[in-house]
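Shown below: model26.cif, with mmCIF, C-alpha atoms.
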```
data_run
loop_
_atom_site.label_atom_id
_atom_site.label_comp_id
_atom_site.auth_asym_id
_atom_site.auth_seq_id
_atom_site.Cartn_x
_atom_site.Cartn_y
_atom_site.Cartn_z
CA MET A 55 133.09 111.84 41.59
CA ASN A 56 133.28 109.76 38.41
CA ALA A 57 131.33 110.64 35.28
CA ARG A 58 129.18 107.53 35.37
CA ASP A 59 128.02 108.21 38.95
CA LEU A 60 127.35 111.84 38.18
CA GLU A 61 125.31 110.78 35.17
CA LEU A 62 123.11 108.56 37.31
CA VAL A 63 122.63 111.31 39.91
CA ALA A 64 121.80 113.82 37.17
CA ALA A 65 119.29 111.43 35.59
CA LEU A 66 117.56 110.85 38.93
CA CYS A 67 117.39 114.58 39.64
CA THR A 68 115.82 115.24 36.27
CA GLU A 69 113.40 112.34 36.48
CA ARG A 70 112.17 113.02 40.02
CA ALA A 71 112.25 116.79 40.25
CA GLY A 72 113.00 118.20 36.80
CA LEU A 73 116.33 119.44 38.09
CA LEU A 74 119.10 120.17 35.63
CA VAL A 75 122.50 119.00 36.89
CA ASP A 76 125.44 120.53 35.09
CA PRO A 77 127.92 117.73 34.27
CA GLU A 78 130.70 120.32 34.48
CA ARG A 79 129.92 120.94 38.11
CA GLY A 80 130.90 117.60 39.59
CA HIS A 81 132.50 119.32 42.58
CA LEU A 82 129.14 120.77 43.58
CA ALA A 83 127.60 117.31 43.56
CA GLU A 84 130.55 116.02 45.52
CA ASN A 85 130.13 118.68 48.21
CA ARG A 86 126.47 118.01 48.61
CA LEU A 87 126.52 114.22 48.36
CA GLY A 88 129.47 113.79 50.70
CA SER A 89 127.30 114.64 53.68
CA VAL A 90 124.47 112.39 52.45
CA ALA A 91 126.93 109.49 52.18
CA ARG A 92 128.22 110.08 55.71
CA ARG A 93 124.74 110.48 57.16
CA GLU A 94 123.54 107.27 55.55
CA GLY A 95 126.57 105.33 56.74
CA PHE A 96 128.42 104.89 53.43
CA GLY A 97 132.20 105.06 53.25
CA SER A 98 132.15 107.22 50.12
CA ILE A 99 129.96 108.82 47.47
CA GLU A 100 130.82 105.89 45.17
CA GLU A 101 129.34 103.46 47.71
CA LEU A 102 126.22 105.63 48.05
CA VAL A 103 125.65 105.79 44.30
CA ASP A 104 126.38 102.09 43.99
CA ALA A 105 123.72 101.32 46.57
CA ILE A 106 121.22 103.43 44.64
CA ARG A 107 122.15 101.68 41.41
CA HIS A 108 121.62 98.23 42.87
CA ARG A 109 118.91 98.71 45.47
CA ASP A 110 116.70 101.28 43.78
CA GLU A 111 115.57 102.46 47.21
CA GLU A 112 113.18 105.43 47.08
CA ARG A 113 114.28 106.93 50.37
CA LEU A 114 117.91 106.97 49.31
CA ILE A 115 117.10 108.35 45.87
CA TRP A 116 115.17 111.23 47.39
CA ALA A 117 117.95 111.91 49.89
CA VAL A 118 120.25 112.44 46.90
CA VAL A 119 117.78 114.48 44.82
CA GLU A 120 116.91 116.70 47.78
CA ALA A 121 120.55 117.30 48.56
CA MET A 122 121.10 118.38 44.96
CA TRP A 123 118.10 120.74 45.04
CA PRO A 124 119.24 124.37 44.79
CA SER A 125 119.07 126.43 47.94
CA GLU A 126 119.90 129.99 48.73
CA ASN A 127 120.52 130.82 52.30
CA GLY A 128 120.47 134.55 52.87
CA PHE A 129 117.81 136.65 54.55
CA PHE A 130 116.37 139.38 52.31
CA ARG A 131 118.42 138.06 49.42
CA ASP A 132 118.29 140.70 46.69
CA PRO A 133 117.47 143.73 48.88
CA GLU A 134 115.86 145.56 45.94
CA ALA A 135 113.32 142.79 45.47
CA PHE A 136 112.40 142.86 49.15
CA GLU A 137 112.25 146.64 49.06
CA LEU A 138 109.71 146.36 46.25
CA ILE A 139 107.74 143.74 48.17
CA ALA A 140 107.78 145.83 51.37
CA GLN A 141 107.12 149.25 49.84
CA LYS A 142 104.77 148.47 47.00
CA LEU A 143 103.43 144.93 46.70
CA LEU A 144 102.48 144.17 50.32
CA PRO A 145 100.76 147.51 51.05
CA GLN A 146 98.79 147.28 47.83
CA LEU A 147 97.80 143.64 48.36
CA ALA A 148 96.98 144.24 52.03
CA ALA A 149 94.76 147.20 51.13
CA ALA A 150 92.96 145.11 48.50
CA ALA A 151 92.41 142.23 50.94
CA GLY A 152 91.32 144.63 53.70
CA LYS A 153 89.76 143.01 56.71
CA THR A 154 87.37 140.88 54.75
CA ARG A 155 89.74 138.08 53.71
CA PRO A 156 93.20 136.94 54.74
CA LEU A 157 96.21 138.06 52.75
CA ARG A 158 97.79 134.86 51.39
CA LEU A 159 101.50 134.58 50.67
CA TRP A 160 103.76 131.76 49.55
CA ALA A 161 107.54 131.35 49.44
CA ALA A 162 107.76 128.48 46.98
CA ALA A 163 111.39 127.44 47.37
CA CYS A 164 112.07 128.61 50.88
CA GLY A 165 115.03 126.35 51.66
CA GLY A 166 116.12 126.69 55.27
CA GLY A 167 113.44 129.28 55.96
CA GLN A 168 115.34 132.52 55.38
CA GLU A 169 113.11 133.68 52.54
CA VAL A 170 109.77 132.91 54.12
CA TYR A 171 110.94 134.40 57.42
CA SER A 172 112.04 137.54 55.59
CA LEU A 173 108.40 137.89 54.51
CA ALA A 174 107.26 137.11 58.06
CA MET A 175 109.48 139.92 59.38
CA LEU A 176 108.03 142.42 56.89
CA LEU A 177 104.51 141.44 57.97
CA ALA A 178 105.46 141.81 61.64
CA GLU A 179 106.99 145.22 61.00
CA GLU A 180 104.05 146.57 58.96
CA PRO A 181 101.10 144.44 59.98
CA PRO A 182 98.34 144.22 57.34
CA PRO A 183 94.89 145.37 58.47
CA GLY A 184 93.45 141.84 58.43
CA GLN A 185 94.68 138.29 58.90
CA PHE A 186 97.38 136.69 56.80
CA GLU A 187 98.41 133.18 55.84
CA LEU A 188 102.04 132.56 55.03
CA PHE A 189 103.24 129.32 53.43
CA GLY A 190 106.78 128.08 53.07
CA THR A 191 107.44 125.11 50.80
CA ASP A 192 110.53 123.36 49.54
CA LEU A 193 111.41 120.05 48.00
CA CYS A 194 114.05 119.29 50.59
CA GLU A 195 112.72 117.77 53.81
CA ARG A 196 115.88 118.45 55.79
CA ARG A 197 115.86 122.13 54.89
CA LEU A 198 112.20 122.38 55.81
CA GLU A 199 113.04 120.91 59.21
CA LYS A 200 115.75 123.48 59.64
CA GLY A 201 113.32 126.23 58.67
CA GLN A 202 110.75 125.02 61.15
CA SER A 203 113.32 125.02 63.93
CA GLY A 204 113.99 128.73 63.35
CA LEU A 205 117.56 128.21 64.58
CA TYR A 206 120.45 129.89 62.78
CA SER A 207 124.17 130.10 63.31
CA GLN A 208 126.03 133.36 63.86
CA PHE A 209 127.17 133.23 60.23
CA GLU A 210 123.65 132.66 58.93
CA VAL A 211 122.10 135.59 60.81
CA GLN A 212 124.70 137.89 59.29
CA ARG A 213 123.75 137.03 55.72
CA GLY A 214 121.33 139.74 54.63
CA LEU A 215 119.85 140.38 58.06
CA SER A 216 120.35 143.83 59.57
CA ALA A 217 121.47 144.16 63.19
CA HIS A 218 118.22 146.01 63.91
CA ARG A 219 116.20 143.08 62.66
CA LEU A 220 118.45 140.63 64.49
CA VAL A 221 117.83 142.24 67.88
CA ARG A 222 114.16 142.76 67.12
CA HIS A 223 113.20 139.29 65.94
CA PHE A 224 115.76 136.88 67.44
CA GLU A 225 117.06 135.80 70.78
CA GLY A 226 120.46 134.36 71.57
CA VAL A 227 120.55 130.64 72.32
CA GLU A 228 123.39 128.20 72.77
CA GLY A 229 125.26 127.87 69.50
CA GLY A 230 123.35 130.57 67.66
CA PHE A 231 120.13 132.55 67.42
CA ALA A 232 116.47 131.57 67.56
CA LEU A 233 113.72 133.38 65.70
CA SER A 234 110.88 134.58 67.94
CA PRO A 235 108.15 131.95 68.43
CA ARG A 236 105.54 134.38 67.10
CA LEU A 237 107.30 134.64 63.74
CA ARG A 238 108.09 130.95 63.66
CA GLN A 239 104.45 130.12 64.22
CA SER A 240 103.28 132.51 61.52
CA VAL A 241 104.56 130.14 58.79
CA ARG A 242 102.87 126.97 57.57
CA TRP A 243 105.30 124.48 56.10
CA ARG A 244 104.77 121.95 53.33
CA ARG A 245 106.99 119.78 51.21
CA ALA A 246 106.22 120.57 47.57
CA ASN A 247 107.68 119.43 44.29
CA LEU A 248 107.00 122.27 41.87
CA ALA A 249 107.54 120.00 38.89
CA GLU A 250 104.68 117.79 40.07
CA ASP A 251 101.19 118.35 41.36
CA LEU A 252 101.24 121.06 43.95
CA GLY A 253 98.69 119.90 46.47
CA ARG A 254 96.17 122.44 47.56
CA LEU A 255 97.48 125.80 48.60
CA GLY A 256 94.54 127.65 47.08
CA GLN A 257 94.83 131.12 45.58
CA LEU A 258 97.74 133.28 46.64
CA ASP A 259 98.17 137.07 46.59
CA LEU A 260 101.96 136.95 46.56
CA VAL A 261 104.15 134.10 45.35
CA VAL A 262 107.92 134.35 45.71
CA CYS A 263 110.08 131.82 43.89
CA ARG A 264 113.50 133.25 43.18
CA ASP A 265 116.13 131.68 40.99
CA LEU A 266 114.63 128.24 41.01
CA ILE A 267 113.01 127.77 37.62
CA SER A 268 116.27 128.54 35.85
CA ALA A 269 117.71 125.44 37.52
CA LEU A 270 115.05 123.20 35.96
CA THR A 271 114.77 121.37 32.64
CA ILE A 272 112.54 123.04 30.07
CA PRO A 273 109.54 120.73 30.56
CA ALA A 274 109.88 121.06 34.34
CA ARG A 275 110.08 124.85 34.01
CA GLU A 276 106.81 124.85 32.15
CA ARG A 277 105.11 122.69 34.77
CA ALA A 278 106.56 124.76 37.63
CA LEU A 279 105.50 128.03 35.99
CA ALA A 280 102.03 126.62 35.31
CA ASN A 281 101.81 125.68 39.01
CA LEU A 282 103.06 129.06 40.20
CA THR A 283 100.91 131.16 37.89
CA GLY A 284 97.92 128.89 38.42
CA ALA A 285 98.10 129.55 42.17
CA LEU A 286 98.09 133.31 41.69
CA ALA A 287 94.90 135.19 42.59
CA PRO A 288 93.70 137.91 40.20
CA GLY A 289 95.68 141.05 41.01
CA GLY A 290 98.34 138.93 42.70
CA TYR A 291 102.08 139.10 42.15
CA LEU A 292 104.66 136.49 41.28
CA VAL A 293 108.25 137.42 42.13
CA LEU A 294 110.79 135.28 40.27
CA GLY A 295 114.53 135.71 39.95
CA ARG A 296 115.64 138.72 37.93
CA ASP A 297 116.49 136.64 34.87
CA GLU A 298 113.33 134.57 34.96
CA ARG A 299 110.14 135.12 32.98
CA ALA A 300 106.54 134.05 33.40
CA PRO A 301 105.11 134.08 29.87
CA GLY A 302 101.46 133.81 30.98
CA LEU A 303 101.59 136.93 33.15
CA ALA A 304 102.18 140.65 32.72
CA PRO A 305 105.43 142.30 33.85
CA ALA A 306 104.51 144.24 36.96
CA ALA A 307 107.22 146.54 38.18
CA ALA A 308 110.48 148.24 37.46
CA LEU A 309 112.16 145.15 38.82
CA PRO A 310 112.77 142.38 36.28
CA GLY A 311 111.27 139.06 37.33
CA CYS A 312 108.15 140.55 38.91
CA PHE A 313 104.83 139.63 37.27
CA THR A 314 101.14 140.04 37.90
CA ARG A 315 97.89 138.44 36.94
CA PRO A 316 95.78 141.47 36.01
CA SER A 317 92.53 141.74 37.94
CA ALA A 318 90.71 142.00 34.62
CA ASP A 319 91.28 138.25 34.22
CA ARG A 320 88.51 137.79 36.71
CA ALA A 321 86.04 139.61 34.49
CA ALA A 322 87.20 137.68 31.44
CA ALA A 323 86.93 134.31 33.20
CA MET B 77 137.56 157.68 47.22
CA LYS B 78 135.59 156.88 50.37
CA VAL B 79 137.65 156.66 53.54
CA CYS B 80 137.07 153.89 56.06
CA LEU B 81 138.69 154.19 59.48
CA VAL B 82 139.38 150.79 61.01
CA VAL B 83 139.56 150.93 64.80
CA ASP B 84 140.84 147.73 66.37
CA ASP B 85 143.62 146.91 68.82
CA SER B 86 144.50 143.76 66.86
CA ARG B 87 146.91 144.38 64.01
CA VAL B 88 145.82 141.08 62.43
CA ILE B 89 142.16 142.11 62.36
CA ARG B 90 143.08 145.53 60.94
CA LYS B 91 145.03 143.82 58.19
CA VAL B 92 142.20 141.40 57.34
CA ALA B 93 139.67 144.24 57.34
CA ARG B 94 141.95 146.40 55.22
CA ARG B 95 142.22 143.76 52.54
CA ILE B 96 138.44 143.36 52.32
CA LEU B 97 137.77 147.10 52.41
CA GLU B 98 140.33 147.87 49.72
CA ASP B 99 138.63 145.29 47.50
CA LEU B 100 135.42 147.26 48.10
CA ASP B 101 137.21 150.42 46.89
CA PHE B 102 137.68 152.11 50.23
CA GLU B 103 140.73 154.06 51.23
CA VAL B 104 141.67 152.61 54.61
CA ALA B 105 143.06 154.37 57.68
CA GLU B 106 143.82 152.62 60.96
CA ALA B 107 143.60 153.42 64.66
CA ALA B 108 144.45 151.09 67.55
CA ASP B 109 141.97 152.41 70.14
CA GLY B 110 139.15 154.87 70.72
CA ALA B 111 141.35 157.80 71.72
CA GLU B 112 143.48 157.50 68.59
CA ALA B 113 140.32 157.22 66.50
CA LEU B 114 138.84 160.34 68.09
CA SER B 115 141.89 162.45 67.36
CA TRP B 116 141.86 161.12 63.78
CA CYS B 117 138.21 162.18 63.40
CA ARG B 118 138.95 165.68 64.71
CA THR B 119 140.77 166.49 61.51
CA VAL B 120 139.10 164.31 58.87
CA THR B 121 135.59 162.90 58.88
CA PRO B 122 135.71 159.34 57.54
CA HIS B 123 132.83 158.07 55.45
CA VAL B 124 132.56 154.96 57.57
CA ILE B 125 134.14 153.66 60.78
CA LEU B 126 134.64 149.95 61.42
CA LEU B 127 134.76 149.75 65.19
CA ASP B 128 135.95 147.09 67.61
CA TRP B 129 134.34 147.10 71.06
CA MET B 130 136.85 145.78 73.58
CA MET B 131 140.05 147.81 73.36
CA PRO B 132 142.51 149.01 75.99
CA GLY B 133 142.05 152.65 76.94
CA MET B 134 138.92 154.08 75.34
CA ASP B 135 136.67 151.22 74.16
CA GLY B 136 134.42 151.24 71.09
CA LEU B 137 131.21 152.19 72.85
CA ALA B 138 132.83 155.10 74.71
CA PHE B 139 134.33 156.28 71.41
CA LEU B 140 130.97 156.05 69.64
CA ARG B 141 129.20 158.09 72.35
CA GLU B 142 131.86 160.79 72.20
CA LEU B 143 131.80 160.81 68.41
CA ARG B 144 128.01 161.12 68.17
CA ALA B 145 128.04 163.94 70.76
CA SER B 146 130.67 165.94 68.89
CA PRO B 147 129.88 168.49 66.14
CA GLY B 148 129.46 166.69 62.79
CA GLY B 149 129.77 163.39 64.64
CA ASP B 150 126.54 162.04 63.26
CA ALA B 151 127.93 162.03 59.71
CA PRO B 152 130.08 158.86 59.61
CA ARG B 153 128.36 155.53 59.28
CA VAL B 154 129.55 153.38 62.17
CA VAL B 155 129.71 149.60 61.88
CA PHE B 156 130.69 147.74 65.01
CA CYS B 157 132.89 144.73 64.43
CA SER B 158 133.25 142.81 67.63
CA GLY B 159 133.43 139.36 69.19
CA GLU B 160 130.58 140.43 71.48
CA ASN B 161 127.48 138.52 70.36
CA ASP B 162 125.11 139.10 73.25
CA LEU B 163 121.97 140.68 71.78
CA GLU B 164 121.52 142.90 74.84
CA ARG B 165 124.94 144.42 74.19
CA ILE B 166 124.21 144.75 70.47
CA ARG B 167 121.01 146.65 71.34
CA GLU B 168 123.14 148.93 73.48
CA ALA B 169 125.51 149.59 70.58
CA LEU B 170 122.62 150.37 68.21
CA ALA B 171 121.02 152.65 70.80
CA ALA B 172 124.32 154.53 71.11
CA GLY B 173 124.19 155.28 67.39
CA ALA B 174 125.81 152.36 65.58
CA ASP B 175 124.36 151.83 62.10
CA GLU B 176 125.26 148.18 61.80
CA TYR B 177 126.92 145.41 63.77
CA ILE B 178 129.24 142.63 62.63
CA MET B 179 129.92 139.71 64.94
CA LYS B 180 133.41 138.27 64.60
CA PRO B 181 134.45 136.09 62.95
CA PHE B 182 133.35 137.65 59.67
CA ASP B 183 134.10 137.16 55.98
CA GLY B 184 134.08 139.41 52.93
CA ASP B 185 130.41 138.70 52.14
CA ILE B 186 129.26 139.64 55.62
CA MET B 187 131.37 142.78 55.58
CA ALA B 188 130.04 143.89 52.19
CA SER B 189 126.43 143.15 53.11
CA LYS B 190 126.68 144.98 56.46
CA LEU B 191 128.34 148.01 54.87
CA ALA B 192 125.57 148.10 52.28
CA MET B 193 122.90 147.91 55.00
CA ALA B 194 124.63 150.74 56.85
CA GLY B 195 124.38 152.81 53.67
CA ALA B 196 128.17 152.97 53.41
CA LEU B 197 128.77 151.32 50.04
#
```
What would you get if you wrote out this structure as structure tokens?
Amino acid sequence: MNARDLELVAALCTERAGLLVDPERGHLAENRLGSVARREGFGSIEELVDAIRHRDEERLIWAVVEAMWPSENGFFRDPEAFELIAQKLLPQLAAAAGKTRPLRLWAAACGGGQEVYSLAMLLAEEPPPGQFELFGTDLCERRLEKGQSGLYSQFEVQRGLSAHRLVRHFEGVEGGFALSPRLRQSVRWRRANLAEDLGRLGQLDLVVCRDLISALTIPARERALANLTGALAPGGYLVLGRDERAPGLAPAAALPGCFTRPSADRAAA
Amino acid sequence: MKVCLVVDDSRVIRKVARRILEDLDFEVAEAADGAEALSWCRTVTPHVILLDWMMPGMDGLAFLRELRASPGGDAPRVVFCSGENDLERIREALAAGADEYIMKPFDGDIMASKLAMAGAL
């Protein structure tokens, strides 16, 4: 991929989604845009970028930006973080919500569904006393579609998922494995651009957004963090990547990247 | 150093597994079927056993049942590593005392993550 094309792609990613594209990592862009070019009927990435340059077509621009959007594709990625969520955060939040209001959770960059379904599995294994609402959002439409399908290849179900969970929550289908309909239906999906207005998810008890904000430009980070922290209910938890910080919130656990909005905020507000 | 016993009738698979396991700091021993693996375990208890299912002679499941029934046989972590991907069969392996299950083909990431989940790393 030539430098001029990469520059245009990087500029579009930054402008539309606040995404930082490392000019040193042209091969990454090439990997990801190759399939977009093929899907859209172009002979090469050069032709795809050329078309964007001359036609300025929104649909095509977003296809490129979404393909460049970071995605992690393991279940229970960072086992320690999920251990913390399962052992400490969920029981505490579920007890606080009780039966009087639903427990509300959000996986904010859920990619192909693995992260939000990891939460769904925890909730199925230790059901909270009351109702819950679980949201999965991502910028990338195609990954959201994949998540909604609940279909994973043999390779995918071996990334982070234990054999016990595999046999408990999945069934074998042609070409791979399908998550149980009950778990699939426990997630509500939305497309969301964290660097923009977030729509209306309301107040959340647990927000998980791992290793995304570090991929954004500084202004986009600030907007994304304002969105994430703004959505957090008093007493709620925000779980970022280990290297990521939420300046407006208080560090919450032994695990770096985990923050809370103290309940006292409610009294102060 | 932790010992991993690789039980597989395919020399190629044993070699691939060995390379990955040595990178994960295991000392690797090999057996070509269940009977050979059982006699190995009679003298030394490995930390973890990577176990194929379909093998001539004593297969993986028969080996696992014998191992778990023998004195001290509940100590090794056992990770199946098999081309069998039918969930009913995988349930059977877990019920017989397997700690984890790898479906072939696998790569180094899958192996490391499954060993960690089995508590073997």
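The smallest atom-to-atom distance between Gly128 of chain A and any of A:Asp259, A:Glu84, A:Glu61, A:Glu210, using all atoms listed in the file, is found for A:Glu210.
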At most 9 Å to chain A: residues in chain B, all atoms listed in the file, as a PyMOL selection string: chain B and resi 161-164+166-167+170+175-182+185-186+189-190+193-194
Expected answer as an MDAnalysis selection string: all residues with atoms within 6 Å of (122.5, 118.2, 46.3), only C-alpha atoms: chainID A and resid 83 86 120:123
Resolved residues for the PyMOL selection byres ((chain B and resi 102-118) around 8) as JSON, numbers by chain: {"B": [77, 78, 79, 80, 81, 82, 83, 84, 85, 86, 87, 90, 94, 97, 98, 99, 100, 101, 119, 120, 121, 122, 131, 132, 133, 134, 135, 136, 138, 139, 143]}
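In this structure, atom CA of Arg245 of chain A sits 7.1 Å away from atom CA of Cys194 of chain A.
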For Arg141 of chain B: contacts at 10 Å, all atoms listed in the file, fewer than 6 positions along chain excluded, given as a count of residues only: 6
Å distance separating atom CA of Ala308 of chain A from atom CA of Gln146 of chain A, one decimal place: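 Straight-line distance from atom CA of Ala308 of chain A to atom CA of Gln146 of chain A works out to 15.7 Å.
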Selection result for the PyMOL selection byres ((chain A and resi 79) around 12) on this file, as a list in words: Met55, Asn56, Ala57, Leu60, Glu61, Ala64, Leu74, Val75, Asp76, Pro77, Glu78, Gly80, His81, Leu82, Ala83, Glu84, Asn85, Arg86 and Met122 of chain A
Incomplete segment 231-253 of chain A filled out to N, CA and C atoms as a PDB file, keeping the file's coordinate frame:
```
ATOM      1  N   PHE A 231     121.224 131.614  67.195  1.00  0.00           N
ATOM      2  CA  PHE A 231     120.130 132.550  67.420  1.00  0.00           C
ATOM      3  C   PHE A 231     118.814 131.884  67.028  1.00  0.00           C
ATOM      4  N   ALA A 232     117.781 132.159  67.817  1.00  0.00           N
ATOM      5  CA  ALA A 232     116.470 131.570  67.560  1.00  0.00           C
ATOM      6  C   ALA A 232     115.477 132.665  67.205  1.00  0.00           C
ATOM      7  N   LEU A 233     114.755 132.439  66.109  1.00  0.00           N
ATOM      8  CA  LEU A 233     113.720 133.380  65.700  1.00  0.00           C
ATOM      9  C   LEU A 233     112.591 133.362  66.748  1.00  0.00           C
ATOM     10  N   SER A 234     111.945 134.501  66.934  1.00  0.00           N
ATOM     11  CA  SER A 234     110.880 134.580  67.940  1.00  0.00           C
ATOM     12  C   SER A 234     109.780 133.574  67.610  1.00  0.00           C
ATOM     13  N   PRO A 235     109.210 132.952  68.657  1.00  0.00           N
ATOM     14  CA  PRO A 235     108.150 131.950  68.430  1.00  0.00           C
ATOM     15  C   PRO A 235     107.000 132.513  67.617  1.00  0.00           C
ATOM     16  N   ARG A 236     106.674 133.798  67.822  1.00  0.00           N
ATOM     17  CA  ARG A 236     105.540 134.380  67.100  1.00  0.00           C
ATOM     18  C   ARG A 236     105.772 134.330  65.586  1.00  0.00           C
ATOM     19  N   LEU A 237     106.992 134.677  65.168  1.00  0.00           N
ATOM     20  CA  LEU A 237     107.300 134.640  63.740  1.00  0.00           C
ATOM     21  C   LEU A 237     107.361 133.210  63.232  1.00  0.00           C
ATOM     22  N   ARG A 238     107.971 132.359  64.056  1.00  0.00           N
ATOM     23  CA  ARG A 238     108.090 130.950  63.660  1.00  0.00           C
ATOM     24  C   ARG A 238     106.701 130.362  63.421  1.00  0.00           C
ATOM     25  N   GLN A 239     105.791 130.700  64.307  1.00  0.00           N
ATOM     26  CA  GLN A 239     104.450 130.120  64.220  1.00  0.00           C
ATOM     27  C   GLN A 239     103.595 130.777  63.146  1.00  0.00           C
ATOM     28  N   SER A 240     104.084 131.857  62.554  1.00  0.00           N
ATOM     29  CA  SER A 240     103.280 132.510  61.520  1.00  0.00           C
ATOM     30  C   SER A 240     103.421 131.810  60.167  1.00  0.00           C
ATOM     31  N   VAL A 241     104.329 130.822  60.076  1.00  0.00           N
ATOM     32  CA  VAL A 241     104.560 130.140  58.790  1.00  0.00           C
ATOM     33  C   VAL A 241     103.981 128.736  58.816  1.00  0.00           C
ATOM     34  N   ARG A 242     103.319 128.360  57.739  1.00  0.00           N
ATOM     35  CA  ARG A 242     102.870 126.970  57.570  1.00  0.00           C
ATOM     36  C   ARG A 242     103.772 126.291  56.556  1.00  0.00           C
ATOM     37  N   TRP A 243     104.294 125.146  56.925  1.00  0.00           N
ATOM     38  CA  TRP A 243     105.300 124.480  56.100  1.00  0.00           C
ATOM     39  C   TRP A 243     104.715 123.298  55.340  1.00  0.00           C
ATOM     40  N   ARG A 244     105.159 123.127  54.106  1.00  0.00           N
ATOM     41  CA  ARG A 244     104.770 121.950  53.330  1.00  0.00           C
ATOM     42  C   ARG A 244     105.941 121.538  52.476  1.00  0.00           C
ATOM     43  N   ARG A 245     106.045 120.231  52.214  1.00  0.00           N
ATOM     44  CA  ARG A 245     106.990 119.780  51.210  1.00  0.00           C
ATOM     45  C   ARG A 245     106.270 119.843  49.872  1.00  0.00           C
ATOM     46  N   ALA A 246     106.877 120.475  48.869  1.00  0.00           N
ATOM     47  CA  ALA A 246     106.220 120.570  47.570  1.00  0.00           C
ATOM     48  C   ALA A 246     107.235 120.412  46.450  1.00  0.00           C
ATOM     49  N   ASN A 247     106.872 119.600  45.490  1.00  0.00           N
ATOM     50  CA  ASN A 247     107.680 119.430  44.290  1.00  0.00           C
ATOM     51  C   ASN A 247     107.023 120.245  43.178  1.00  0.00           C
ATOM     52  N   LEU A 248     107.626 121.350  42.829  1.00  0.00           N
ATOM     53  CA  LEU A 248     107.000 122.270  41.870  1.00  0.00           C
ATOM     54  C   LEU A 248     106.827 121.664  40.484  1.00  0.00           C
ATOM     55  N   ALA A 249     107.640 120.621  40.202  1.00  0.00           N
ATOM     56  CA  ALA A 249     107.540 120.000  38.890  1.00  0.00           C
ATOM     57  C   ALA A 249     106.399 118.981  38.840  1.00  0.00           C
ATOM     58  N   GLU A 250     105.775 118.761  40.003  1.00  0.00           N
ATOM     59  CA  GLU A 250     104.680 117.790  40.070  1.00  0.00           C
ATOM     60  C   GLU A 250     103.400 118.525  40.482  1.00  0.00           C
ATOM     61  N   ASP A 251     102.408 117.752  40.834  1.00  0.00           N
ATOM     62  CA  ASP A 251     101.190 118.350  41.360  1.00  0.00           C
ATOM     63  C   ASP A 251     101.512 119.059  42.664  1.00  0.00           C
ATOM     64  N   LEU A 252     100.845 120.175  42.869  1.00  0.00           N
ATOM     65  CA  LEU A 252     101.240 121.060  43.950  1.00  0.00           C
ATOM     66  C   LEU A 252     100.499 120.852  45.244  1.00  0.00           C
ATOM     67  N   GLY A 253      99.533 119.960  45.276  1.00  0.00           N
ATOM     68  CA  GLY A 253      98.690 119.900  46.470  1.00  0.00           C
ATOM     69  C   GLY A 253      97.754 121.081  46.423  1.00  0.00           C
TER      70      GLY A 253
END
```
